[in-house]
Amino acid sequence: MAQQKVIHFKIRRQDGPDKPSRWEEFDVPYREKLNVISCLMEIQKNPVTSSGKKTTPVVWECNCLEEVCGACTMIINGKAKQACSALIDHLEQPIVLEPLTKFPLVRDLMVDRQIMFDNLKKVHAWIPIDGTYNLGSGPRLAEAKRQWAYELSKCMTCGCCMEACPQVNSRSKFIGPSAISQVRLFNAHPTGEMNKHERLAPLLDEGGIADCGNAQNCVRACPKEIPLTTSLADLNREINKFALDRWLRK
Amino acid sequence: MSITQKPYHFLIRRVHSLLGLVPIGLFLTFHMILNLSARGGPEMYDKVIGTMRNFPGIIVVELIVIFIPILVHAIYGAWVVYTSQSNVLDYKYARNWFYIIQRISGIYTIIFIITHVYLLRFGEASFAALQHFVSNPYGLIFYALGVLLAIFHFVNGLWAFAITWGIAIGPHSQKVLSYALGIVFVLLSAVGLTDLTAFL
């Protein structure tokens, strides 16, 4: 009998936030056009390591399976990406899976990315339109600008840019490129522009835009190809004017 | 909310960036060019140094233009280095390498400047003193690295300066700038190393 072709995995396991981590290896029978998620599902069905030892199923998170939700972001062969769009046929083996390191670990490949959502709240990444009376229709957004803004709106808060950023770590409070880019998106909107200052002001704080170190990994790590470094530089220009103007008017 | 906010963090980061160019970077450039006088031999060099040293109020100028800005830039810079965490082994991009080299060169430059000032400004500031120091091969390597890394730190810092101050925004302008600064680095390094060869 010819030996069956297998996909070799090396997965970093950890039973809980305060538990020690360990490596476990798995062999998944090869089929065409698999992705990392479908292999993790195979492992879930039969959680036995390559050496034949029975183990617990690997824990991971996933949701949309079409690279728009960001839930299945993990480190695959050293780089942060989505497990759903990581195709086995394009990956070098053994495929090494690790949890993101910039967020608190829940278990195995699952982390808690709450900090990213807290950061979006911090920078007011929304447009307030609620009032006590009908505010009517807002100003129109030019089609060319809408198309441009759409690119920025593709952010799914997945955490790839945070993982790749050397300025995001336990010693720094940097909120990361994604939340800052959202400030540019909402400030570009004709209605959002009315509350521009509410989004710029938090960026002056510790952890704000001044903490960017210009390593520019973010723009290359972003799976949605959002021009993060352009957003950062553009907001630098905006915020310098904003800070100086505010100070001079004091 | 914006009333109670104290944006000192932003201010210190911007001051740190500005000091790197004015006055520190400009001083570095001036210093490299002035030291070409060493090529004219010990007498000319010692004469230039003598003129500088006897300049009335030179210590005040040195304090304001050189010592205090470098001290502020170095102390805050050390904090910036502390709050970074390199991942260049996983993300092997040129810019990521520049990021870490910027931090290493900053730390090296602090050590170099302390030695350099102790030796030449407060020690015996003469052609012979430096000649003696670089006659040791380790001393020469220490000095050559000091010159090159200080220049790198300045020139690469200029690139970040252009982004911090919102001058170069898009990827294309940033790329063109990095090539232009590459030329500046080569030129300044040539001047700096030429200075050093005078003492060999």
# chains A, B, ... in the order shown; residues from 1 in each chain; ligands from 1

$ interface_residues --of "chain A" --to "chain B" --cutoff "6 Å" --atoms "only C-alpha atoms" --output "number ranges by chain"
A: 78, 166-167, 171-172, 204-206, 210, 215, 230, 233-234, 236-237

$ write_last_selection --atoms "C-alpha atoms" --output "PDB file, in the first residue's frame"
ATOM      1  CA  GLY A  78       5.739  32.995  11.764  1.00  0.00           C
ATOM      2  CA  PRO A 166       7.145  46.393  17.183  1.00  0.00           C
ATOM      3  CA  GLN A 167       5.649  49.356  19.058  1.00  0.00           C
ATOM      4  CA  ARG A 171       5.834  47.930  27.809  1.00  0.00           C
ATOM      5  CA  SER A 172       3.990  50.318  25.487  1.00  0.00           C
ATOM      6  CA  LEU A 204      -2.517  63.089  21.402  1.00  0.00           C
ATOM      7  CA  ASP A 205      -2.569  60.888  24.495  1.00  0.00           C
ATOM      8  CA  GLU A 206      -0.007  58.325  25.554  1.00  0.00           C
ATOM      9  CA  ALA A 210       3.132  59.841  18.389  1.00  0.00           C
ATOM     10  CA  ALA A 215       8.747  50.280  11.144  1.00  0.00           C
ATOM     11  CA  THR A 230      -0.375  56.589   4.568  1.00  0.00           C
ATOM     12  CA  ALA A 233       1.450  60.076   7.961  1.00  0.00           C
ATOM     13  CA  ASP A 234      -1.676  61.869   6.793  1.00  0.00           C
ATOM     14  CA  ASN A 236       0.419  63.247  11.548  1.00  0.00           C
ATOM     15  CA  ARG A 237      -0.036  66.303   9.329  1.00  0.00           C
TER      16      ARG A 237
END

$ residues_around --residues "A:Gly208" --least-positions-apart "6" --cutoff "10 Å" --atoms "only C-alpha atoms" --output "ChimeraX atom specification"
/A:119,123,173-177,179-180,200-202 /B:9-10

$ write_last_selection --atoms "N, CA and C atoms" --output "PDB file, in the first residue's frame"
ATOM      1  N   ASN A 119      -9.923  50.296  21.954  1.00  0.00           N
ATOM      2  CA  ASN A 119      -9.211  51.374  21.260  1.00  0.00           C
ATOM      3  C   ASN A 119     -10.119  52.109  20.277  1.00  0.00           C
ATOM      4  N   VAL A 123     -10.989  56.235  20.386  1.00  0.00           N
ATOM      5  CA  VAL A 123     -10.832  57.245  19.327  1.00  0.00           C
ATOM      6  C   VAL A 123     -12.170  57.654  18.694  1.00  0.00           C
ATOM      7  N   LYS A 173       1.913  51.542  25.396  1.00  0.00           N
ATOM      8  CA  LYS A 173       0.455  51.671  25.394  1.00  0.00           C
ATOM      9  C   LYS A 173      -0.084  51.942  23.995  1.00  0.00           C
ATOM     10  N   PHE A 174       0.765  51.828  22.987  1.00  0.00           N
ATOM     11  CA  PHE A 174       0.381  52.177  21.620  1.00  0.00           C
ATOM     12  C   PHE A 174      -0.899  51.452  21.203  1.00  0.00           C
ATOM     13  N   ILE A 175      -1.867  52.225  20.706  1.00  0.00           N
ATOM     14  CA  ILE A 175      -3.159  51.625  20.349  1.00  0.00           C
ATOM     15  C   ILE A 175      -3.112  50.918  18.999  1.00  0.00           C
ATOM     16  N   GLY A 176      -2.011  51.105  18.270  1.00  0.00           N
ATOM     17  CA  GLY A 176      -1.841  50.371  17.017  1.00  0.00           C
ATOM     18  C   GLY A 176      -2.388  51.094  15.804  1.00  0.00           C
ATOM     19  N   PRO A 177      -1.996  50.631  14.618  1.00  0.00           N
ATOM     20  CA  PRO A 177      -2.328  51.341  13.380  1.00  0.00           C
ATOM     21  C   PRO A 177      -3.814  51.280  13.003  1.00  0.00           C
ATOM     22  N   ALA A 179      -6.770  51.310  14.684  1.00  0.00           N
ATOM     23  CA  ALA A 179      -7.678  52.303  15.276  1.00  0.00           C
ATOM     24  C   ALA A 179      -7.359  53.701  14.740  1.00  0.00           C
ATOM     25  N   ILE A 180      -6.080  53.970  14.516  1.00  0.00           N
ATOM     26  CA  ILE A 180      -5.674  55.295  14.023  1.00  0.00           C
ATOM     27  C   ILE A 180      -6.179  55.495  12.596  1.00  0.00           C
ATOM     28  N   LEU A 200      -9.452  63.289  16.978  1.00  0.00           N
ATOM     29  CA  LEU A 200      -8.046  63.686  16.967  1.00  0.00           C
ATOM     30  C   LEU A 200      -7.492  63.816  18.391  1.00  0.00           C
ATOM     31  N   ALA A 201      -8.298  64.383  19.298  1.00  0.00           N
ATOM     32  CA  ALA A 201      -7.811  64.622  20.663  1.00  0.00           C
ATOM     33  C   ALA A 201      -7.263  63.358  21.350  1.00  0.00           C
ATOM     34  N   PRO A 202      -7.973  62.221  21.281  1.00  0.00           N
ATOM     35  CA  PRO A 202      -7.416  61.035  21.950  1.00  0.00           C
ATOM     36  C   PRO A 202      -6.087  60.573  21.357  1.00  0.00           C
TER      37      PRO A 202
ATOM     38  N   HIS B   9       2.533  64.078  26.422  1.00  0.00           N
ATOM     39  CA  HIS B   9       3.132  62.936  25.757  1.00  0.00           C
ATOM     40  C   HIS B   9       3.410  63.263  24.293  1.00  0.00           C
ATOM     41  N   PHE B  10       2.401  63.815  23.652  1.00  0.00           N
ATOM     42  CA  PHE B  10       2.538  64.203  22.247  1.00  0.00           C
ATOM     43  C   PHE B  10       3.624  65.260  22.097  1.00  0.00           C
TER      44      PHE B  10
END

$ closest_residue --among "A:Asn214, A:Ser137, A:Asn77, A:Thr132" --to "B:Gly157" --atoms "only C-alpha atoms"
A:Asn214

$ residues_around --residues "stretch 117-129 of chain B" --least-positions-apart "6" --cutoff "8 Å" --atoms "only C-alpha atoms" --output "ChimeraX atom specification"
/B:38,42,45-46,49,199

$ write_last_selection --atoms "C-alpha atoms" --output "mmCIF file, in the first residue's frame"
data_model
loop_
_atom_site.group_PDB
_atom_site.id
_atom_site.type_symbol
_atom_site.label_atom_id
_atom_site.label_comp_id
_atom_site.auth_asym_id
_atom_site.auth_seq_id
_atom_site.Cartn_x
_atom_site.Cartn_y
_atom_site.Cartn_z
ATOM 1 C CA ALA B 38 42.309 67.761 10.372
ATOM 2 C CA PRO B 42 48.049 68.732 13.407
ATOM 3 C CA TYR B 45 43.585 71.265 13.453
ATOM 4 C CA ASP B 46 44.841 72.397 16.852
ATOM 5 C CA ILE B 49 40.161 73.835 18.028
ATOM 6 C CA PHE B 199 44.467 60.803 12.418
#

$ residues_around --residues "stretch 104-115 of chain B" --least-positions-apart "4" --cutoff "6 Å" --atoms "only C-alpha atoms" --output "MDAnalysis selection string"
chainID B and resid 119 146 149:150 153

$ closest_residue --among "B:Phe27, B:Met44, B:Arg103, B:Asn54" --to "B:Ile70" --atoms "only C-alpha atoms"
B:Phe27

$ residues_around --residues "A:Lys33" --least-positions-apart "3" --cutoff "7 Å" --atoms "only C-alpha atoms" --output "ChimeraX atom specification"
/A:87-89

$ atom_distance --atom1 "atom CA of B:Tyr138" --atom2 "atom CA of B:Ala198"
17.1 Å

$ select_by_dssp --residues "stretch 3-237 of chain A" --states "strand (DSSP E or B)" --output "JSON, numbers by chain"
{"A": [6, 7, 8, 9, 10, 11, 12, 13, 14, 21, 22, 23, 24, 25, 26, 27, 28, 29, 35, 48, 54, 73, 74, 75, 76, 79, 80, 81, 82, 87, 95, 96, 97, 98, 105, 106, 107, 110, 111]}

$ atom_distance --atom1 "atom CA of B:His16" --atom2 "atom CA of B:His73"
5.5 Å

$ atom_distance --atom1 "atom CA of A:Asn134" --atom2 "atom CA of A:Thr191"
14.7 Å

$ residues_around --residues "A:Met110" --least-positions-apart "4" --cutoff "9 Å" --atoms "only C-alpha atoms" --output "PyMOL selection string"
chain A and resi 59-61+71-74+99-100+105-106

$ write_last_selection --atoms "C-alpha atoms" --output "tab-separated table (two decimals), in the first residue's frame"
chain	number	residue	atom	x	y	z
A	59	VAL	CA	-9.11	25.35	20.48
A	60	TRP	CA	-9.40	28.13	17.91
A	61	GLU	CA	-11.88	30.78	16.88
A	71	ALA	CA	-11.75	35.94	14.21
A	72	CYS	CA	-9.41	33.18	12.99
A	73	THR	CA	-6.28	35.34	12.98
A	74	MET	CA	-3.29	33.36	14.25
A	99	PRO	CA	-1.62	32.17	18.94
A	100	LEU	CA	-1.20	35.93	18.48
A	105	LEU	CA	-4.36	34.17	25.59
A	106	VAL	CA	-7.60	32.31	26.25

$ select_by_dssp --residues "stretch 21-236 of chain A" --states "alpha helix (DSSP H)" --output "MDAnalysis selection string"
chainID A and resid 36:45 114:122 143:153 160:164 177:188 196:200 217:221 228:236

$ closest_residue --among "B:His132, B:His31, B:Lys47, B:Arg53" --to "B:Leu188" --atoms "only C-alpha atoms"
B:His31
